[in-house]
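Have a look at my_file33.cif; it's mmCIF, C-alpha atoms:
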data_start
loop_
_atom_site.label_atom_id
_atom_site.label_comp_id
_atom_site.auth_asym_id
_atom_site.auth_seq_id
_atom_site.Cartn_x
_atom_site.Cartn_y
_atom_site.Cartn_z
CA MET A 5 -13.75 38.02 -47.63
CA ASN A 6 -14.28 34.28 -47.39
CA GLU A 7 -14.33 32.30 -50.62
CA THR A 8 -14.67 28.60 -51.22
CA PRO A 9 -11.37 27.31 -52.65
CA GLY A 10 -11.68 26.22 -56.24
CA ALA A 11 -14.70 28.45 -56.93
CA PRO A 12 -14.60 31.80 -58.75
CA GLY A 13 -14.95 34.85 -56.56
CA ALA A 14 -14.98 38.62 -56.72
CA ASP A 15 -11.75 38.94 -54.73
CA ARG A 16 -9.63 37.82 -57.63
CA ALA A 17 -7.07 39.49 -59.87
CA ALA A 18 -4.68 38.60 -62.66
CA TRP A 19 -0.98 39.26 -63.08
CA PRO A 20 0.35 41.18 -65.00
CA PRO A 21 -2.23 43.89 -64.18
CA ASP A 22 -2.05 45.23 -67.76
CA PRO A 23 -3.29 42.56 -70.20
CA ALA A 24 -0.98 44.03 -72.84
CA ASP A 25 1.95 42.79 -70.75
CA ALA A 26 0.55 39.29 -70.28
CA ALA A 27 2.83 36.41 -71.19
CA ALA A 28 1.77 32.95 -72.34
CA CYS A 29 -0.43 32.49 -69.28
CA LEU A 30 -1.84 34.72 -66.61
CA LEU A 31 -1.07 34.33 -62.94
CA ARG A 32 -4.41 34.60 -61.16
CA ILE A 33 -4.45 35.83 -57.56
CA ARG A 34 -7.25 34.74 -55.24
CA ASN A 35 -7.81 35.85 -51.67
CA LEU A 36 -9.67 33.12 -49.80
CA GLY A 37 -9.85 34.76 -46.38
CA ARG A 38 -9.87 32.36 -43.44
CA CYS A 39 -10.55 28.80 -44.58
CA GLU A 40 -10.16 25.29 -43.24
CA TYR A 41 -6.89 23.55 -44.08
CA ARG A 42 -8.34 20.23 -45.25
CA GLN A 43 -10.86 21.91 -47.55
CA THR A 44 -8.19 24.10 -49.11
CA TRP A 45 -5.77 21.21 -49.54
CA GLN A 46 -8.41 19.13 -51.33
CA ALA A 47 -9.22 22.09 -53.58
CA MET A 48 -5.53 22.35 -54.54
CA VAL A 49 -5.43 18.65 -55.41
CA ASP A 50 -8.63 18.92 -57.46
CA PHE A 51 -7.36 22.00 -59.29
CA THR A 52 -4.05 20.33 -60.12
CA LEU A 53 -5.59 17.09 -61.37
CA ALA A 54 -8.15 18.93 -63.50
CA ARG A 55 -5.83 21.47 -65.07
CA THR A 56 -4.79 21.34 -68.72
CA ALA A 57 -1.97 22.92 -70.70
CA GLU A 58 -4.19 26.01 -71.10
CA THR A 59 -5.05 26.43 -67.41
CA ASP A 60 -3.75 29.67 -65.92
CA ASP A 61 -1.47 29.40 -62.90
CA GLU A 62 -2.92 30.66 -59.63
CA ILE A 63 -1.75 31.98 -56.26
CA TRP A 64 -4.12 31.47 -53.33
CA CYS A 65 -3.79 33.66 -50.23
CA CYS A 66 -5.43 32.73 -46.96
CA GLU A 67 -5.26 32.19 -43.21
CA HIS A 68 -6.12 28.92 -41.48
CA PRO A 69 -7.72 28.19 -38.11
CA PRO A 70 -5.21 26.54 -35.73
CA VAL A 71 -3.80 23.33 -37.22
CA PHE A 72 -0.56 21.37 -37.21
CA THR A 73 0.39 19.88 -40.58
CA LEU A 74 2.85 17.04 -41.08
CA GLY A 75 4.57 16.51 -44.42
CA GLN A 76 4.39 13.31 -46.42
CA ALA A 77 7.62 11.92 -44.96
CA GLY A 78 7.18 13.73 -41.66
CA ARG A 79 7.91 12.03 -38.34
CA PRO A 80 5.04 12.08 -35.82
CA GLU A 81 7.46 12.34 -32.89
CA HIS A 82 8.07 15.97 -33.84
CA LEU A 83 4.68 16.67 -32.26
CA LEU A 84 5.81 17.02 -28.65
CA ALA A 85 2.51 17.58 -26.84
CA ASP A 86 -1.22 17.35 -27.42
CA ILE A 87 -2.52 20.87 -26.84
CA GLY A 88 -5.90 20.35 -28.47
CA ILE A 89 -4.91 21.51 -31.96
CA PRO A 90 -5.69 19.02 -34.75
CA LEU A 91 -2.87 17.35 -36.67
CA VAL A 92 -3.27 16.78 -40.42
CA ARG A 93 -0.89 14.51 -42.32
CA THR A 94 -0.66 16.12 -45.73
CA ASP A 95 1.12 15.42 -49.02
CA ARG A 96 3.60 18.29 -49.11
CA GLY A 97 7.30 17.94 -48.47
CA GLY A 98 8.87 18.80 -45.14
CA GLN A 99 8.19 17.98 -41.51
CA ILE A 100 5.72 19.52 -39.05
CA THR A 101 4.61 23.13 -38.86
CA TYR A 102 1.81 25.22 -37.38
CA HIS A 103 -0.79 27.40 -39.11
CA GLY A 104 -3.04 29.81 -37.29
CA PRO A 105 -4.78 33.19 -37.46
CA GLY A 106 -2.39 36.06 -38.07
CA GLN A 107 -0.14 33.99 -40.32
CA VAL A 108 -0.05 34.58 -44.07
CA VAL A 109 -0.36 31.38 -46.11
CA ILE A 110 0.30 31.56 -49.84
CA TYR A 111 -0.23 28.59 -52.14
CA LEU A 112 1.41 28.48 -55.57
CA LEU A 113 -0.35 26.37 -58.20
CA LEU A 114 2.10 26.45 -61.08
CA ASP A 115 2.80 24.60 -64.32
CA LEU A 116 6.55 24.07 -63.86
CA ASN A 117 7.28 23.02 -67.43
CA ARG A 118 5.58 26.07 -68.88
CA ARG A 119 7.56 28.36 -66.60
CA ARG A 120 10.77 26.40 -67.17
CA LEU A 121 11.20 25.85 -63.45
CA LYS A 122 12.61 22.98 -61.43
CA VAL A 123 11.44 22.37 -57.87
CA ARG A 124 14.69 23.64 -56.35
CA GLU A 125 14.30 26.84 -58.37
CA VAL A 126 10.76 27.34 -57.05
CA VAL A 127 12.05 26.95 -53.49
CA THR A 128 14.76 29.54 -54.13
CA LEU A 129 12.25 31.88 -55.78
CA ILE A 130 9.93 31.67 -52.78
CA GLU A 131 12.73 32.24 -50.30
CA GLN A 132 14.10 35.17 -52.28
CA SER A 133 10.66 36.77 -52.50
CA VAL A 134 10.30 36.65 -48.71
CA ILE A 135 13.85 37.97 -48.21
CA GLU A 136 13.22 40.90 -50.58
CA PHE A 137 9.84 41.66 -49.01
CA LEU A 138 11.44 41.83 -45.57
CA ALA A 139 14.44 43.81 -46.83
CA GLY A 140 12.04 46.40 -48.22
CA HIS A 141 10.89 46.98 -44.64
CA GLY A 142 14.36 47.09 -43.10
CA ILE A 143 14.49 43.48 -41.88
CA ALA A 144 17.59 41.48 -42.82
CA ALA A 145 16.72 37.84 -43.47
CA GLN A 146 18.50 34.88 -45.02
CA ARG A 147 18.06 31.30 -46.21
CA ARG A 148 19.90 28.24 -44.93
CA THR A 149 21.49 25.72 -47.26
CA ALA A 150 20.11 22.53 -45.71
CA ALA A 151 16.97 23.91 -44.07
CA PRO A 152 14.42 25.44 -46.49
CA GLY A 153 12.69 28.56 -45.28
CA VAL A 154 13.62 32.10 -44.29
CA TYR A 155 15.32 33.11 -41.04
CA VAL A 156 15.92 36.33 -39.15
CA GLY A 157 19.01 35.65 -37.09
CA SER A 158 18.50 32.19 -35.59
CA ALA A 159 14.69 32.33 -35.70
CA LYS A 160 12.49 31.08 -38.52
CA ILE A 161 9.95 33.51 -39.90
CA ALA A 162 8.74 31.68 -43.03
CA ALA A 163 8.30 27.98 -43.79
CA LEU A 164 7.64 26.27 -47.10
CA GLY A 165 6.72 22.93 -48.59
CA LEU A 166 5.62 21.81 -52.05
CA ARG A 167 4.12 18.84 -53.86
CA VAL A 168 4.52 18.14 -57.58
CA ARG A 169 2.02 16.17 -59.67
CA ARG A 170 2.08 15.92 -63.45
CA ALA A 171 4.83 18.59 -63.56
CA CYS A 172 2.62 21.04 -61.65
CA CYS A 173 3.20 22.16 -58.07
CA TYR A 174 0.91 23.14 -55.24
CA HIS A 175 1.19 23.99 -51.52
CA GLY A 176 3.58 26.90 -50.84
CA LEU A 177 4.69 29.03 -47.91
CA SER A 178 3.62 30.51 -44.59
CA LEU A 179 4.87 33.81 -43.16
CA ASN A 180 4.39 34.62 -39.48
CA VAL A 181 2.94 38.13 -39.25
CA ASP A 182 0.90 38.83 -36.11
CA MET A 183 -0.11 35.57 -34.45
CA ASP A 184 0.06 33.58 -31.24
CA LEU A 185 3.42 31.79 -31.52
CA ALA A 186 2.85 29.65 -28.41
CA PRO A 187 1.69 26.51 -30.33
CA PHE A 188 5.13 26.26 -31.94
CA ALA A 189 6.42 25.21 -28.51
CA ALA A 190 4.41 21.99 -28.86
CA ILE A 191 6.40 20.87 -31.93
CA ASN A 192 9.92 20.69 -33.29
CA PRO A 193 9.30 23.32 -35.98
CA CYS A 194 10.11 21.83 -39.39
CA GLY A 195 11.69 18.90 -37.55
CA TYR A 196 14.39 20.91 -35.74
CA PRO A 197 14.39 20.56 -31.93
CA GLY A 198 14.67 23.90 -30.20
CA LEU A 199 14.25 25.97 -33.36
CA GLN A 200 12.99 29.44 -32.45
CA VAL A 201 10.33 31.22 -34.49
CA THR A 202 9.59 34.89 -34.92
CA GLN A 203 7.12 37.13 -36.73
CA THR A 204 7.04 40.50 -38.45
CA SER A 205 5.04 42.23 -35.71
CA ASP A 206 7.76 41.38 -33.17
CA LEU A 207 10.35 42.88 -35.52
CA GLY A 208 8.68 46.28 -35.67
CA LEU A 209 6.79 45.79 -38.94
CA ALA A 210 3.30 47.21 -38.53
CA LEU A 211 1.51 45.45 -41.38
CA THR A 212 -1.71 43.49 -41.09
CA PRO A 213 -1.69 39.95 -42.48
CA ARG A 214 -3.74 41.17 -45.45
CA GLN A 215 -1.23 43.95 -46.18
CA ALA A 216 1.74 41.62 -45.81
CA SER A 217 0.09 39.04 -48.06
CA ALA A 218 -0.53 41.58 -50.82
CA ALA A 219 3.05 42.86 -50.72
CA LEU A 220 4.54 39.37 -50.69
CA VAL A 221 2.34 38.19 -53.55
CA GLU A 222 3.58 41.13 -55.61
CA GLN A 223 7.16 40.02 -54.98
CA LEU A 224 6.30 36.44 -55.95
CA ALA A 225 4.48 37.53 -59.10
CA ARG A 226 7.40 39.65 -60.26
CA GLN A 227 9.79 36.75 -59.70
CA LEU A 228 7.53 34.45 -61.69
CA GLU A 229 6.86 36.95 -64.47
CA GLY A 230 10.18 36.22 -66.11
CA ARG A 231 9.59 32.46 -66.03
CA SER A 232 6.48 32.27 -68.20
#

Target format structure tokens, applied to this file:
Amino acid sequence: MNETPGAPGADRAAWPPDPADAAACLLRIRNLGRCEYRQTWQAMVDFTLARTAETDDEIWCCEHPPVFTLGQAGRPEHLLADIGIPLVRTDRGGQITYHGPGQVVIYLLLDLNRRRLKVREVVTLIEQSVIEFLAGHGIAAQRRTAAPGVYVGSAKIAALGLRVRRACCYHGLSLNVDMDLAPFAAINPCGYPGLQVTQTSDLGLALTPRQASAALVEQLARQLEGRS
């Protein structure tokens, strides 16, 4: 299903599933389908600037058409070659990465004060959710101290970057599931020359992006449940 970011849609749920278990605010899950990066980014900014203390937190799940994105302090020289894929300089943290069909992108729009979270804790929570999702399917993954993201051996499988405004965060993570990895060769992924990337389909995990997204969102929601 395709849904315009920022607009209500049928493909939407709330966490916890049982309203009797709801904490101070719900965590609303929206599946946007395949949507343009710039449009989705602007919708995240608009949502964050318009939210109030009563606004429910949301998680947006989507895929993007091919695009390179460069973080706010990113260095353009990490784009090594022009292969016809657009480059968007965005306002998240981190360096350059690639988004494309077959990759799960999950955006977390959270009130950090309400959930008693610091940015470093959100990063750890995201990484741990990916690690536990992969572990549940027999894939051993780990984080690196000075290089945010999740790795299987020496190859990166999930990247992340956040932006905080008015004590609320947006942007989030990408997980490589079943995609064309070739465009990563045109960049220094996340600013690291020679960094290899991998994906779940190459590791024997037979999940579609939609299935992987749903399972990973459940991990994220459970991690966040105790912080509301």

| task | Please identify all polymer residues within 8 Å of A:Leu84, counting all atoms listed in the file, omitting same-chain residues fewer than 5 positions from it, and present them as a PyMOL selection string. | result | chain A and resi 190-192

Could the residues in this selection be saved with C-alpha atoms as a PDB file, in the frame of the given file?
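Result file follows (part01.pdb):
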ATOM      1  CA  ALA A 190       4.410  21.990 -28.860  1.00  0.00           C
ATOM      2  CA  ILE A 191       6.400  20.870 -31.930  1.00  0.00           C
ATOM      3  CA  ASN A 192       9.920  20.690 -33.290  1.00  0.00           C
TER       4      ASN A 192
END

Skip A:Leu91 itself and residues of its chain fewer than 2 positions away, then list as an MDAnalysis selection string all residues within 9 Å of it, counting only C-alpha atoms. chainID A and resid 71:74 83 89 93

Produce a table with one row for each residue of stretch 122-157 of chain A that has an atom at most 12 Å from any atom of stretch 99-114 of chain A, each row naming the nearest atom pair and its distance in Å at one decimal; use only C-alpha atoms; arrange rows by chain and rising residue number; format as JSON lines.
{"residue": "A:Lys122", "atom": "CA", "partner": "A:Leu114", "partner_atom": "CA", "distance": 11.1}
{"residue": "A:Val123", "atom": "CA", "partner": "A:Leu114", "partner_atom": "CA", "distance": 10.7}
{"residue": "A:Val126", "atom": "CA", "partner": "A:Leu112", "partner_atom": "CA", "distance": 9.5}
{"residue": "A:Val127", "atom": "CA", "partner": "A:Leu112", "partner_atom": "CA", "distance": 10.9}
{"residue": "A:Leu129", "atom": "CA", "partner": "A:Leu112", "partner_atom": "CA", "distance": 11.4}
{"residue": "A:Ile130", "atom": "CA", "partner": "A:Leu112", "partner_atom": "CA", "distance": 9.5}
{"residue": "A:Ser133", "atom": "CA", "partner": "A:Ile110", "partner_atom": "CA", "distance": 11.9}
{"residue": "A:Val134", "atom": "CA", "partner": "A:Ile110", "partner_atom": "CA", "distance": 11.3}
{"residue": "A:Ala151", "atom": "CA", "partner": "A:Gln99", "partner_atom": "CA", "distance": 10.9}
{"residue": "A:Pro152", "atom": "CA", "partner": "A:Gln99", "partner_atom": "CA", "distance": 10.9}
{"residue": "A:Gly153", "atom": "CA", "partner": "A:Thr101", "partner_atom": "CA", "distance": 11.7}

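Interatomic distance, atom CA of A:Ala57 against atom CA of A:Leu228: 17.4 Å.
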
Across A:Gly88, A:Trp45, A:Thr94, A:Phe137, the smallest distance to A:Ser217, with all atoms listed in the file counted, is shown by A:Phe137

Of the candidates A:Arg167, A:Ala150, A:Cys172, A:Ala145, which shows the shortest atom-to-atom distance to A:Gln203, using all atoms listed in the file?
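Ranking A:Arg167, A:Ala150, A:Cys172, A:Ala145 by distance to A:Gln203, first place goes to A:Ala145.
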
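Among the candidates A:Ala139, A:Leu211, A:Leu53, A:Ile63, the residue lying nearest to A:Ala171 is A:Leu53 (atoms considered: only C-alpha atoms).
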
Check: Exactly which residues make up the result of the PyMOL selection byres ((chain A and resi 214) around 9) on this file, given as a list in words?
Finding: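 Checking the PyMOL selection byres ((chain A and resi 214) around 9) against this file, the residues are Gly37, Cys65, Cys66, Val108, Leu211, Thr212, Pro213, Gln215, Ala216, Ser217, Ala218 and Ala219 of chain A.
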
Fewer than 2 positions away in the same chain doesn't count, so skip those; otherwise give me all residues within 10 Å of A:Val49, counting only C-alpha atoms, as an mmCIF file with C-alpha atoms, in the frame of the given file.
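After the write, part-v3.cif holds the following:
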data_model
loop_
_atom_site.group_PDB
_atom_site.id
_atom_site.type_symbol
_atom_site.label_atom_id
_atom_site.label_comp_id
_atom_site.auth_asym_id
_atom_site.auth_seq_id
_atom_site.Cartn_x
_atom_site.Cartn_y
_atom_site.Cartn_z
ATOM 1 C CA GLY A 10 -11.680 26.220 -56.240
ATOM 2 C CA THR A 44 -8.190 24.100 -49.110
ATOM 3 C CA TRP A 45 -5.770 21.210 -49.540
ATOM 4 C CA GLN A 46 -8.410 19.130 -51.330
ATOM 5 C CA ALA A 47 -9.220 22.090 -53.580
ATOM 6 C CA PHE A 51 -7.360 22.000 -59.290
ATOM 7 C CA THR A 52 -4.050 20.330 -60.120
ATOM 8 C CA LEU A 53 -5.590 17.090 -61.370
ATOM 9 C CA ALA A 54 -8.150 18.930 -63.500
ATOM 10 C CA ASP A 95 1.120 15.420 -49.020
ATOM 11 C CA LEU A 113 -0.350 26.370 -58.200
ATOM 12 C CA ARG A 167 4.120 18.840 -53.860
ATOM 13 C CA ARG A 169 2.020 16.170 -59.670
ATOM 14 C CA CYS A 173 3.200 22.160 -58.070
ATOM 15 C CA TYR A 174 0.910 23.140 -55.240
ATOM 16 C CA HIS A 175 1.190 23.990 -51.520
#

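For the atom pair formed by atom CA of A:Val154 and atom CA of A:Ile135, the distance is 7.1 Å, given to one decimal.
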
- Query: Using only C-alpha atoms, which of the listed residues (A:Arg42, A:Arg96, A:Lys160, A:Arg79) sits closest to A:Arg147?
  - Reply: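 Ranking A:Arg42, A:Arg96, A:Lys160, A:Arg79 by distance to A:Arg147, first place goes to A:Lys160.
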
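When atom CA of A:Cys194 is paired with atom CA of A:Gly98, their separation reads 6.6 Å.
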
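Minimum atom-to-atom distances from A:Val221, A:Met183, A:Cys39, A:Ala210 to A:Glu67 were compared using only C-alpha atoms, and the lowest value belongs to A:Cys39.
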
*asked:* Nearest residue to A:Ala225 out of A:Pro80, A:Trp64, A:Arg38, A:Pro90, using all atoms listed in the file?
replied: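 Looking at the shortest contact to A:Ala225, the residue is A:Trp64.
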
On this structure, the PyMOL selection byres ((chain A and resi 201) around 12) would catch which residues? List them as a PDB file with C-alpha atoms, keeping the file's coordinate frame, sorted by chain and number.
ATOM      1  CA  THR A 101       4.610  23.130 -38.860  1.00  0.00           C
ATOM      2  CA  TYR A 102       1.810  25.220 -37.380  1.00  0.00           C
ATOM      3  CA  GLY A 153      12.690  28.560 -45.280  1.00  0.00           C
ATOM      4  CA  VAL A 154      13.620  32.100 -44.290  1.00  0.00           C
ATOM      5  CA  TYR A 155      15.320  33.110 -41.040  1.00  0.00           C
ATOM      6  CA  VAL A 156      15.920  36.330 -39.150  1.00  0.00           C
ATOM      7  CA  GLY A 157      19.010  35.650 -37.090  1.00  0.00           C
ATOM      8  CA  SER A 158      18.500  32.190 -35.590  1.00  0.00           C
ATOM      9  CA  ALA A 159      14.690  32.330 -35.700  1.00  0.00           C
ATOM     10  CA  LYS A 160      12.490  31.080 -38.520  1.00  0.00           C
ATOM     11  CA  ILE A 161       9.950  33.510 -39.900  1.00  0.00           C
ATOM     12  CA  ALA A 162       8.740  31.680 -43.030  1.00  0.00           C
ATOM     13  CA  ALA A 163       8.300  27.980 -43.790  1.00  0.00           C
ATOM     14  CA  LEU A 179       4.870  33.810 -43.160  1.00  0.00           C
ATOM     15  CA  ASN A 180       4.390  34.620 -39.480  1.00  0.00           C
ATOM     16  CA  VAL A 181       2.940  38.130 -39.250  1.00  0.00           C
ATOM     17  CA  MET A 183      -0.110  35.570 -34.450  1.00  0.00           C
ATOM     18  CA  ASP A 184       0.060  33.580 -31.240  1.00  0.00           C
ATOM     19  CA  LEU A 185       3.420  31.790 -31.520  1.00  0.00           C
ATOM     20  CA  ALA A 186       2.850  29.650 -28.410  1.00  0.00           C
ATOM     21  CA  PRO A 187       1.690  26.510 -30.330  1.00  0.00           C
ATOM     22  CA  PHE A 188       5.130  26.260 -31.940  1.00  0.00           C
ATOM     23  CA  ALA A 189       6.420  25.210 -28.510  1.00  0.00           C
ATOM     24  CA  ILE A 191       6.400  20.870 -31.930  1.00  0.00           C
ATOM     25  CA  ASN A 192       9.920  20.690 -33.290  1.00  0.00           C
ATOM     26  CA  PRO A 193       9.300  23.320 -35.980  1.00  0.00           C
ATOM     27  CA  CYS A 194      10.110  21.830 -39.390  1.00  0.00           C
ATOM     28  CA  TYR A 196      14.390  20.910 -35.740  1.00  0.00           C
ATOM     29  CA  PRO A 197      14.390  20.560 -31.930  1.00  0.00           C
ATOM     30  CA  GLY A 198      14.670  23.900 -30.200  1.00  0.00           C
ATOM     31  CA  LEU A 199      14.250  25.970 -33.360  1.00  0.00           C
ATOM     32  CA  GLN A 200      12.990  29.440 -32.450  1.00  0.00           C
ATOM     33  CA  THR A 202       9.590  34.890 -34.920  1.00  0.00           C
ATOM     34  CA  GLN A 203       7.120  37.130 -36.730  1.00  0.00           C
ATOM     35  CA  THR A 204       7.040  40.500 -38.450  1.00  0.00           C
ATOM     36  CA  ASP A 206       7.760  41.380 -33.170  1.00  0.00           C
ATOM     37  CA  LEU A 207      10.350  42.880 -35.520  1.00  0.00           C
TER      38      LEU A 207
END

*Hey, what comes out of the PyMOL selection byres ((chain A and resi 58) around 12) on this file? Could you write it as a list in words?*
Ala28, Cys29, Leu30, Ala54, Arg55, Thr56, Ala57, Thr59, Asp60, Asp61, Leu114, Asp115 and Arg118 of chain A
